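Novice: Structure: start-v8.cif, mmCIF, C-alpha atoms.
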```
data_model
#
loop_
_atom_site.label_atom_id
_atom_site.label_comp_id
_atom_site.auth_asym_id
_atom_site.auth_seq_id
_atom_site.Cartn_x
_atom_site.Cartn_y
_atom_site.Cartn_z
CA MET A 194 43.29 118.45 78.50
CA SER A 195 45.94 116.42 80.23
CA PHE A 196 45.54 113.04 81.77
CA PHE A 197 46.00 114.46 85.26
CA SER A 198 43.46 117.23 84.98
CA ARG A 199 41.03 114.65 83.67
CA LEU A 200 41.67 112.49 86.69
CA ALA A 201 41.29 115.41 89.07
CA GLY A 202 38.35 117.13 87.45
CA ARG A 203 36.54 114.13 86.00
CA GLN A 204 35.92 116.13 82.86
CA PRO A 205 34.93 114.15 79.81
CA SER A 206 37.62 113.54 77.21
CA SER A 207 37.64 115.91 74.26
CA LYS A 208 36.69 113.06 71.96
CA GLN A 209 33.60 112.37 74.07
CA VAL A 210 32.68 116.04 73.85
CA ALA A 211 33.22 115.85 70.08
CA LYS A 212 31.05 112.76 69.77
CA ASP A 213 28.21 114.21 71.84
CA ARG A 214 28.26 117.47 69.90
CA LEU A 215 28.33 115.61 66.61
CA LYS A 216 25.38 113.43 67.54
CA LEU A 217 23.32 116.45 68.46
CA VAL A 218 24.19 118.47 65.37
CA LEU A 219 23.55 115.50 63.10
CA ILE A 220 20.09 114.98 64.57
CA HIS A 221 19.22 118.49 63.48
CA ASP A 222 21.01 118.13 60.11
CA ARG A 223 19.24 114.89 59.32
CA THR A 224 15.76 115.94 60.30
CA ASP A 225 16.15 119.46 58.98
CA ILE A 226 14.69 120.73 62.25
CA SER A 227 16.63 123.66 63.64
CA PRO A 228 16.86 124.46 67.34
CA ALA A 229 14.62 127.46 66.61
CA VAL A 230 11.91 125.20 65.21
CA MET A 231 12.21 123.02 68.29
CA GLU A 232 11.65 126.09 70.48
CA GLN A 233 8.54 126.95 68.53
CA LEU A 234 7.29 123.37 68.71
CA LYS A 235 7.82 123.45 72.46
CA ASP A 236 5.80 126.65 72.86
CA GLU A 237 2.94 125.24 70.81
CA ILE A 238 2.89 121.97 72.71
CA ILE A 239 2.78 123.91 75.98
CA ALA A 240 -0.11 125.99 74.69
CA VAL A 241 -2.12 122.94 73.62
CA ILE A 242 -1.52 120.89 76.73
CA SER A 243 -2.12 123.68 79.19
CA LYS A 244 -5.64 124.08 77.79
CA HIS A 245 -6.42 120.77 79.43
CA MET A 246 -3.94 120.30 82.25
CA ASP A 247 -1.88 122.37 84.65
CA ILE A 248 1.72 121.91 83.64
CA ASP A 249 5.03 123.28 84.83
CA ARG A 250 5.85 125.39 81.79
CA ASP A 251 9.45 125.99 82.81
CA GLY A 252 10.09 122.31 83.29
CA VAL A 253 9.01 121.24 79.81
CA GLU A 254 11.74 119.59 77.76
CA ILE A 255 11.45 118.58 74.14
CA LYS A 256 14.25 116.84 72.32
CA ILE A 257 14.99 114.47 69.52
CA SER A 258 16.80 111.48 70.93
CA ASP A 259 18.87 109.11 68.89
CA GLU A 260 18.24 105.54 69.85
CA SER A 261 20.60 104.38 67.15
CA ALA A 262 22.21 105.86 64.06
CA THR A 263 19.17 104.97 61.98
CA GLU A 264 16.34 105.65 64.40
CA SER A 265 15.40 108.72 66.36
CA ARG A 266 12.34 109.90 68.21
CA LEU A 267 10.79 113.03 69.58
CA VAL A 268 10.75 112.91 73.36
CA ALA A 269 8.71 115.33 75.44
CA ASP A 270 9.03 115.54 79.19
CA ILE A 271 6.15 117.61 80.53
CA PRO A 272 5.94 117.85 84.32
CA LEU A 273 2.47 118.37 85.77
CA LEU A 274 1.85 120.84 88.55
CA LYS A 275 0.89 119.31 91.85
CA THR A 276 -2.80 120.00 92.15
CA PRO A 277 -4.49 120.18 95.53
CA ARG A 278 -6.71 117.22 96.26
CA ARG A 279 -10.31 117.83 95.39
CA ARG A 280 -12.30 118.83 98.40
CA ARG A 281 -15.74 118.24 96.95
CA MET B 178 31.88 93.17 32.26
CA GLY B 179 33.25 96.70 32.03
CA ALA B 180 34.91 98.94 34.55
CA GLN B 181 33.65 99.74 38.01
CA VAL B 182 33.24 103.49 38.26
CA ILE B 183 34.20 104.64 41.74
CA THR B 184 33.76 108.21 42.93
CA VAL B 185 35.88 109.52 45.78
CA THR B 186 34.12 112.38 47.54
CA SER B 187 33.83 114.01 50.98
CA GLY B 188 31.77 117.17 51.24
CA LYS B 189 34.46 118.97 53.19
CA GLY B 190 37.62 120.06 51.43
CA GLY B 191 41.10 119.14 52.52
CA VAL B 192 40.35 115.71 53.98
CA GLY B 193 42.44 113.84 51.41
CA LYS B 194 40.18 113.00 48.45
CA THR B 195 42.83 113.66 45.84
CA THR B 196 45.53 111.85 47.77
CA ALA B 197 43.21 108.90 48.26
CA THR B 198 42.26 108.81 44.58
CA ALA B 199 45.89 108.93 43.43
CA ASN B 200 46.97 106.25 45.87
CA ILE B 201 44.10 103.86 45.32
CA ALA B 202 44.55 104.21 41.57
CA ALA B 203 48.29 103.55 41.83
CA ALA B 204 47.69 100.55 44.09
CA LEU B 205 45.08 99.08 41.74
CA ALA B 206 47.33 99.59 38.73
CA ALA B 207 50.35 98.13 40.55
CA ASP B 208 48.18 95.09 41.17
CA GLY B 209 47.68 94.67 37.43
CA ALA B 210 44.31 96.41 36.98
CA LYS B 211 43.63 98.79 34.11
CA VAL B 212 42.83 102.10 35.76
CA VAL B 213 41.86 105.55 34.58
CA CYS B 214 41.43 108.51 36.94
CA ILE B 215 39.25 111.49 36.14
CA ASP B 216 39.84 114.77 37.94
CA ALA B 217 36.34 116.21 38.20
CA ASP B 218 37.45 119.32 40.06
CA ILE B 219 37.17 121.72 37.13
CA GLY B 220 38.96 124.99 37.83
CA LEU B 221 40.94 123.61 40.78
CA ARG B 222 42.76 120.67 39.30
CA ASN B 223 45.21 118.88 41.57
CA LEU B 224 45.15 115.19 40.85
CA ASP B 225 47.76 115.82 38.11
CA VAL B 226 50.32 117.22 40.56
CA VAL B 227 49.68 114.59 43.22
CA MET B 228 50.21 111.90 40.58
CA GLY B 229 53.24 113.74 39.16
CA LEU B 230 51.79 114.08 35.66
CA GLU B 231 51.30 117.86 35.52
CA ASN B 232 53.93 118.46 32.83
CA ARG B 233 52.29 116.23 30.29
CA ILE B 234 48.84 117.78 30.04
CA VAL B 235 47.76 118.84 26.58
CA TYR B 236 44.02 118.20 26.60
CA ASP B 237 41.60 117.94 29.51
CA LEU B 238 38.11 116.84 30.46
CA VAL B 239 36.47 119.95 29.03
CA HIS B 240 38.17 119.41 25.66
CA ILE B 241 36.63 115.93 25.58
CA VAL B 242 33.20 117.28 26.51
CA GLU B 243 33.37 119.99 23.87
CA GLY B 244 34.65 117.59 21.25
CA SER B 245 37.93 119.39 20.62
CA ALA B 246 39.88 116.31 21.73
CA ARG B 247 39.19 112.62 21.56
CA LEU B 248 39.05 110.65 24.80
CA ARG B 249 42.32 108.84 24.10
CA GLN B 250 44.10 112.10 23.28
CA ALA B 251 43.29 113.56 26.69
CA MET B 252 44.35 110.47 28.62
CA ILE B 253 47.84 110.82 30.10
CA LYS B 254 49.63 107.53 30.63
CA ASP B 255 51.54 107.10 33.87
CA LYS B 256 54.73 105.49 32.62
CA ARG B 257 55.67 104.05 36.01
CA LEU B 258 52.84 101.53 35.91
CA PRO B 259 51.58 99.37 33.05
CA GLU B 260 47.96 100.55 32.87
CA LEU B 261 47.36 103.81 34.74
CA TYR B 262 45.89 106.87 33.05
CA LEU B 263 44.71 110.32 34.05
CA ILE B 264 42.11 112.54 32.46
CA PRO B 265 42.93 115.94 33.96
CA ALA B 266 40.45 118.66 34.86
CA ALA B 267 40.45 121.97 33.00
CA GLN B 268 42.10 124.67 35.04
CA THR B 269 40.66 127.76 33.34
CA ARG B 270 36.98 126.81 33.27
CA ASP B 271 34.32 126.26 35.89
CA LYS B 272 32.09 123.36 36.88
CA SER B 273 29.31 124.36 34.50
CA ALA B 274 31.50 123.36 31.52
CA VAL B 275 30.65 119.72 32.32
CA SER B 276 27.24 118.17 33.01
CA PRO B 277 26.28 114.93 34.75
CA SER B 278 25.22 113.47 31.40
CA ASP B 279 28.65 114.33 29.92
CA MET B 280 30.26 112.36 32.75
CA ILE B 281 27.94 109.41 32.16
CA ARG B 282 28.74 109.43 28.45
CA ILE B 283 32.52 109.59 29.03
CA CYS B 284 32.45 106.78 31.59
CA ASP B 285 30.32 104.63 29.29
CA GLU B 286 32.98 105.08 26.67
CA LEU B 287 35.75 104.12 29.13
CA ARG B 288 34.03 101.11 30.70
CA PRO B 289 34.83 98.44 28.09
CA ASP B 290 38.56 99.20 28.12
CA PHE B 291 39.25 99.43 31.86
CA ASP B 292 38.78 97.61 35.15
CA PHE B 293 38.39 100.78 37.21
CA VAL B 294 37.44 104.37 36.55
CA LEU B 295 38.24 106.51 39.61
CA ILE B 296 36.64 109.94 39.81
CA ASP B 297 38.13 112.56 42.12
CA SER B 298 35.20 114.71 43.20
CA PRO B 299 35.51 118.36 44.15
CA ALA B 300 34.53 119.43 47.67
CA GLY B 301 31.01 120.71 48.15
CA ILE B 302 27.58 119.42 47.20
CA GLU B 303 26.94 121.46 44.07
CA ARG B 304 27.42 120.88 40.35
CA GLY B 305 30.93 119.45 40.57
CA PHE B 306 29.81 116.87 43.11
CA ARG B 307 26.75 116.00 41.01
CA ASN B 308 29.00 115.53 37.98
CA ALA B 309 31.32 113.29 39.95
CA ILE B 310 28.65 110.94 41.29
CA ALA B 311 26.41 110.78 38.20
CA PRO B 312 28.27 107.92 36.46
CA SER B 313 29.47 106.00 39.53
CA ASN B 314 28.66 102.47 40.62
CA LYS B 315 30.29 102.90 43.99
CA ILE B 316 30.91 105.91 46.16
CA VAL B 317 33.76 106.18 48.60
CA ILE B 318 33.53 108.97 51.17
CA VAL B 319 36.74 110.26 52.72
CA THR B 320 36.61 111.83 56.16
CA ASN B 321 38.92 112.77 59.02
CA PRO B 322 38.23 112.07 62.69
CA GLU B 323 37.11 115.66 63.26
CA VAL B 324 33.65 117.05 63.91
CA SER B 325 33.49 119.22 60.80
CA ALA B 326 34.59 116.47 58.41
CA VAL B 327 32.32 113.85 59.99
CA ARG B 328 29.36 116.20 59.86
CA ASP B 329 29.92 116.84 56.16
CA ALA B 330 30.39 113.13 55.51
CA ASP B 331 26.97 112.55 57.06
CA ARG B 332 25.45 115.07 54.68
CA ILE B 333 27.09 113.34 51.72
CA ILE B 334 25.85 109.93 52.88
CA GLY B 335 22.33 111.36 52.87
CA LEU B 336 22.74 112.85 49.39
CA VAL B 337 24.20 109.63 48.02
CA GLU B 338 21.24 107.70 49.41
CA SER B 339 18.74 110.13 47.96
CA GLU B 340 20.42 109.74 44.56
CA GLN B 341 20.08 105.97 45.02
CA LYS B 342 23.83 105.58 44.68
CA GLY B 343 24.27 104.00 48.09
CA PRO B 344 25.38 102.43 50.21
CA ALA B 345 28.55 104.51 50.23
CA MET B 346 31.71 103.29 51.91
CA LEU B 347 33.97 105.22 54.25
CA ILE B 348 37.70 105.90 54.34
CA LEU B 349 38.77 107.30 57.69
CA ASN B 350 41.86 109.29 56.77
CA ARG B 351 44.59 110.89 58.88
CA LEU B 352 43.87 108.98 62.05
CA LYS B 353 46.37 109.54 64.85
CA PRO B 354 46.36 106.44 67.07
CA GLU B 355 48.21 108.30 69.82
CA MET B 356 45.52 110.95 70.10
CA VAL B 357 42.79 108.31 70.02
CA LYS B 358 44.49 106.52 72.88
CA ARG B 359 44.61 109.73 74.90
CA GLY B 360 40.90 110.24 74.33
CA ASP B 361 41.54 113.35 72.26
CA MET B 362 40.46 112.06 68.87
CA LEU B 363 37.35 110.29 67.64
CA SER B 364 38.11 106.60 67.21
CA ILE B 365 37.10 104.39 64.31
CA ASP B 366 34.22 103.04 66.39
CA ASP B 367 33.07 106.54 67.34
CA VAL B 368 32.94 107.63 63.70
CA LEU B 369 31.17 104.47 62.56
CA ASP B 370 28.74 104.73 65.45
CA VAL B 371 27.80 108.26 64.45
CA LEU B 372 27.67 107.70 60.69
CA ALA B 373 26.33 104.13 60.40
CA ILE B 374 28.28 103.33 57.25
CA ASP B 375 30.53 100.50 56.09
CA LEU B 376 34.25 101.06 56.40
CA ILE B 377 36.57 100.34 53.51
CA GLY B 378 39.79 101.71 54.96
CA ILE B 379 41.60 103.41 57.80
CA VAL B 380 44.59 105.51 56.84
CA PRO B 381 46.92 106.68 59.60
CA GLU B 382 48.41 110.16 59.53
CA ASP B 383 51.75 109.75 57.80
CA GLU B 384 54.43 112.29 56.86
CA GLN B 385 55.23 110.15 53.84
CA ILE B 386 52.03 111.44 52.23
CA VAL B 387 53.43 114.97 52.10
CA ILE B 388 56.76 113.69 50.85
CA GLY B 389 54.97 111.64 48.21
CA SER B 390 52.97 114.59 46.95
CA ASN B 391 56.12 116.76 47.02
CA ARG B 392 57.67 114.32 44.62
CA GLY B 393 54.56 113.48 42.62
CA THR B 394 54.86 109.86 43.65
CA PRO B 395 51.84 108.39 45.44
CA VAL B 396 53.04 106.49 48.53
CA ALA B 397 51.11 103.42 47.47
CA MET B 398 53.72 102.97 44.73
CA ASP B 399 56.46 102.34 47.29
CA ASP B 400 56.62 99.84 50.07
CA GLY B 401 57.47 101.01 53.50
CA SER B 402 54.95 103.66 54.48
CA ARG B 403 51.97 102.81 56.63
CA ALA B 404 49.62 105.07 54.68
CA GLY B 405 50.76 103.41 51.46
CA GLN B 406 49.98 100.01 52.95
CA ALA B 407 46.57 101.27 54.04
CA PHE B 408 45.80 102.45 50.50
CA ARG B 409 46.97 99.17 49.00
CA ASN B 410 44.61 97.38 51.39
CA ILE B 411 41.75 99.61 50.25
CA ALA B 412 42.56 98.77 46.62
CA LYS B 413 42.42 95.06 47.44
CA ARG B 414 39.07 95.47 49.18
CA LEU B 415 37.72 97.29 46.13
CA ARG B 416 38.71 94.24 44.11
CA GLY B 417 36.66 92.10 46.44
CA GLU B 418 39.45 90.69 48.56
CA ASN B 419 38.90 90.27 52.24
CA VAL B 420 41.81 92.12 53.86
CA PRO B 421 41.92 92.60 57.63
CA PHE B 422 42.26 96.17 58.87
CA MET B 423 45.77 97.21 59.88
CA ASP B 424 46.70 97.14 63.52
CA LEU B 425 47.48 100.79 64.02
CA ASP B 426 48.95 100.23 67.47
CA LYS B 427 51.63 97.95 66.19
CA GLN B 428 54.36 100.51 65.66
CA ASP B 429 54.03 102.30 68.95
CA GLY B 430 57.01 104.33 69.95
CA PHE B 431 58.80 103.81 73.22
CA PHE B 432 56.84 106.52 75.01
CA ALA B 433 53.52 105.14 73.93
CA ARG B 434 54.45 101.75 75.31
CA LEU B 435 55.72 103.37 78.50
CA GLY B 436 52.48 105.30 78.78
CA LYS B 437 50.49 102.12 78.47
CA MET B 438 52.45 100.55 81.32
CA ILE B 439 51.81 103.53 83.58
CA ARG B 440 48.09 103.76 82.87
CA PRO B 441 46.77 100.47 81.66
CA GLY B 442 43.50 100.74 79.87
CA GLY B 443 43.92 104.51 79.44
#
```
Just give me the structure of the file as structure tokens.

Specialist:
Amino acid sequence: MSFFSRLAGRQPSSKQVAKDRLKLVLIHDRTDISPAVMEQLKDEIIAVISKHMDIDRDGVEIKISDESATESRLVADIPLLKTPRRRR
Amino acid sequence: MGAQVITVTSGKGGVGKTTATANIAAALAADGAKVVCIDADIGLRNLDVVMGLENRIVYDLVHIVEGSARLRQAMIKDKRLPELYLIPAAQTRDKSAVSPSDMIRICDELRPDFDFVLIDSPAGIERGFRNAIAPSNKIVIVTNPEVSAVRDADRIIGLVESEQKGPAMLILNRLKPEMVKRGDMLSIDDVLDVLAIDLIGIVPEDEQIVIGSNRGTPVAMDDGSRAGQAFRNIAKRLRGENVPFMDLDKQDGFFARLGKMIRPGG
């Protein structure tokens, strides 16, 4: 990508794309957790939590985030459904 | 004391392991160290041609392992430098002809007589790699600023740690400062940020490397090339000297300087 198209389109540089892709792929390489396993984990978490709360199933996001090169954590963002106020 | 056994490895093929081994060995030997290189890439030997010693091979690593040659018989002396030797790989055998314990035994035999034993590892993470790291005190991982090479380097770092051979050190090879400046190549900081490893050298892309391997003369033997200088710096760091990293922007061409004027900070 040229300098000008980058200016015009505000697209990230190819090295930034490379770095972001690398970070993601290394998280999975290092933890030995494939994207498929993450999908399964997500489904199971949804099943467990929805036994107790009303959640927005489509809005659930589970990812491994890398705080630094040596530390990572599992982050789950689980939006709750707006429940009507109790009337009784 | 005995020699330091240093393994040069990478995971991915084609990133410059053999070139790095030949050049670091030449630089160490030119500095007065006693150096022996072992080509551990059984079946795909190449260190001999890069060093320019291919016509003098009689015995190889497998002959030593099988006892059909003594260690000294298989060592080819590089006549250009006072104390540089090569133990070539066998070309007609496969990795299973050598075991990790064979490598440990051979290196133990070499240690008293040398300052450095440099092992050129094959690509991959299988037997050949295991052989190459088994006897080593220090592991140097070569990578390029490309996603595939960095990913494989990360895998090797993990394996080296699990073998309790760490911490490994990194050579970032074939860096193109112009592309980094344009934002089209991972920078040194990007690679170190992703891999969390100590750096022992940065080698710029340099046509002289191809010319050197064409001739069988590692560039570190001659003055004048930037890659050769980078390898000599690595050799000094391996000897414990504190050498600052080269300023890769120093030899910018006219257009690069012009570009900088037009878009400062770009």

Novice: Residues of chain A within 8 Å of chain B, counting all atoms listed in the file - could you list those as a list in words?

Specialist: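 Selected residues: Phe196, Ser206, Ser207, Lys208, Gln209, Ala211, Lys212, Leu215, Lys216, Val218, Leu219, Asp222, Arg223, Ala262 and Thr263 of chain A.
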
Novice: For segment 234-248 of chain A, work out the shell of residues within 7 Å, counting all atoms listed in the file and skipping chain neighbours fewer than 4 positions away, then give it as a ChimeraX atom specification.

Specialist: /A:230,255,271-274

Novice: With distances taken over all atoms listed in the file, which of B:Leu336, B:Ala204, B:Ile183, B:Val380 is nearest to Cys284 of chain B?

Specialist: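 For Cys284 of chain B, the nearest of the candidates is B:Ile183.
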
Novice: Let me make sure I understand: among A:Asp249, A:Lys256, A:Arg266, A:Asp213, which one has the smallest atom-to-atom distance to Pro228 of chain A if we use all atoms listed in the file?

Specialist: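 Of A:Asp249, A:Lys256, A:Arg266, A:Asp213, the one nearest Pro228 of chain A, counting all atoms listed in the file, is A:Lys256.
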
Novice: Would you pick out the contacts of Phe408 of chain B at 7 Å or less, using all atoms listed in the file, so that residues sharing its chain but fewer than 2 positions from it are not included, and give the list as a PyMOL selection string?

Specialist: chain B and resi 200-201+204+397+404-406+410-412

Novice: For atom CA of Phe293 of chain B and atom CA of Arg416 of chain B, quote the distance in Å rounded to one decimal.

Specialist: 9.5 Å

Novice: Report as a list in words the residues that result from applying the PyMOL selection byres ((chain B and resi 256) around 12) to the structure here.

Specialist: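 Listing what the PyMOL selection byres ((chain B and resi 256) around 12) selects in the shown file: Ala203, Ala206, Ala207, Met228, Gly229, Leu230, Arg233, Ile253, Lys254, Asp255, Arg257, Leu258, Pro259, Glu260, Leu261, Tyr262, Leu263 and Thr394 of chain B.
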
Novice: Kindly give the distance, in Å, that separates atom CA of Gly401 of chain B and atom CA of Pro381 of chain B, rounded to a single decimal.

Specialist: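 So the answer is 13.4 Å.
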
Novice: Rounded to one decimal, what separation in Å do you get between atom CA of Arg304 of chain B and atom CA of Ile333 of chain B?

Specialist: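 Computing it gives 13.6 Å between the two atoms.
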
Novice: Would you mind telling me which residue in B:Asp426, B:Pro265, B:Ala180, B:Val319 lies nearest to Lys358 of chain B when using all atoms listed in the file?

Specialist: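 Between B:Asp426, B:Pro265, B:Ala180, B:Val319, the residue approaching Lys358 of chain B most closely is B:Asp426.
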
Novice: Run the PyMOL selection byres ((chain B and resi 393) around 10) on the file and write out the hits as a ChimeraX atom specification.

Specialist: /B:199,224-231,387-392,394-396

Novice: Translate the PyMOL selection byres ((chain B and resi 376) around 10), as applied to the file shown, into an explicit residue set as a list in words.

Specialist: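 Given this file, the PyMOL selection byres ((chain B and resi 376) around 10) evaluates to Val317, Ile318, Ala345, Met346, Leu347, Ile348, Leu349, Ile365, Val368, Leu369, Ala373, Ile374, Asp375, Ile377, Gly378, Ile379, Ile411 and Phe422 of chain B.
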
Novice: Give the padded box for segment 241-257 of chain A as AutoDock Vina command-line options: axis-aligned, covering all atoms listed in the file, 3 Å on each side, centre and edge lengths in Å to one decimal.

Specialist:
```
--center_x 4.3 --center_y 120.2 --center_z 77.2 --size_x 27.4 --size_y 17.5 --size_z 21.3
```

Novice: Could you check the closest approach to Ile220 of chain A for each of A:Glu254, A:Asp270, A:Glu264, A:Glu232 and tell me which residue wins, using all atoms listed in the file?

Specialist: A:Glu264

Novice: Counting all atoms listed in the file, what is within 12 Å of Val242 of chain B, bar same-chain residues fewer than 6 positions away, as a PyMOL selection string?

Specialist: chain B and resi 236+248+251+264+266-267+273-284
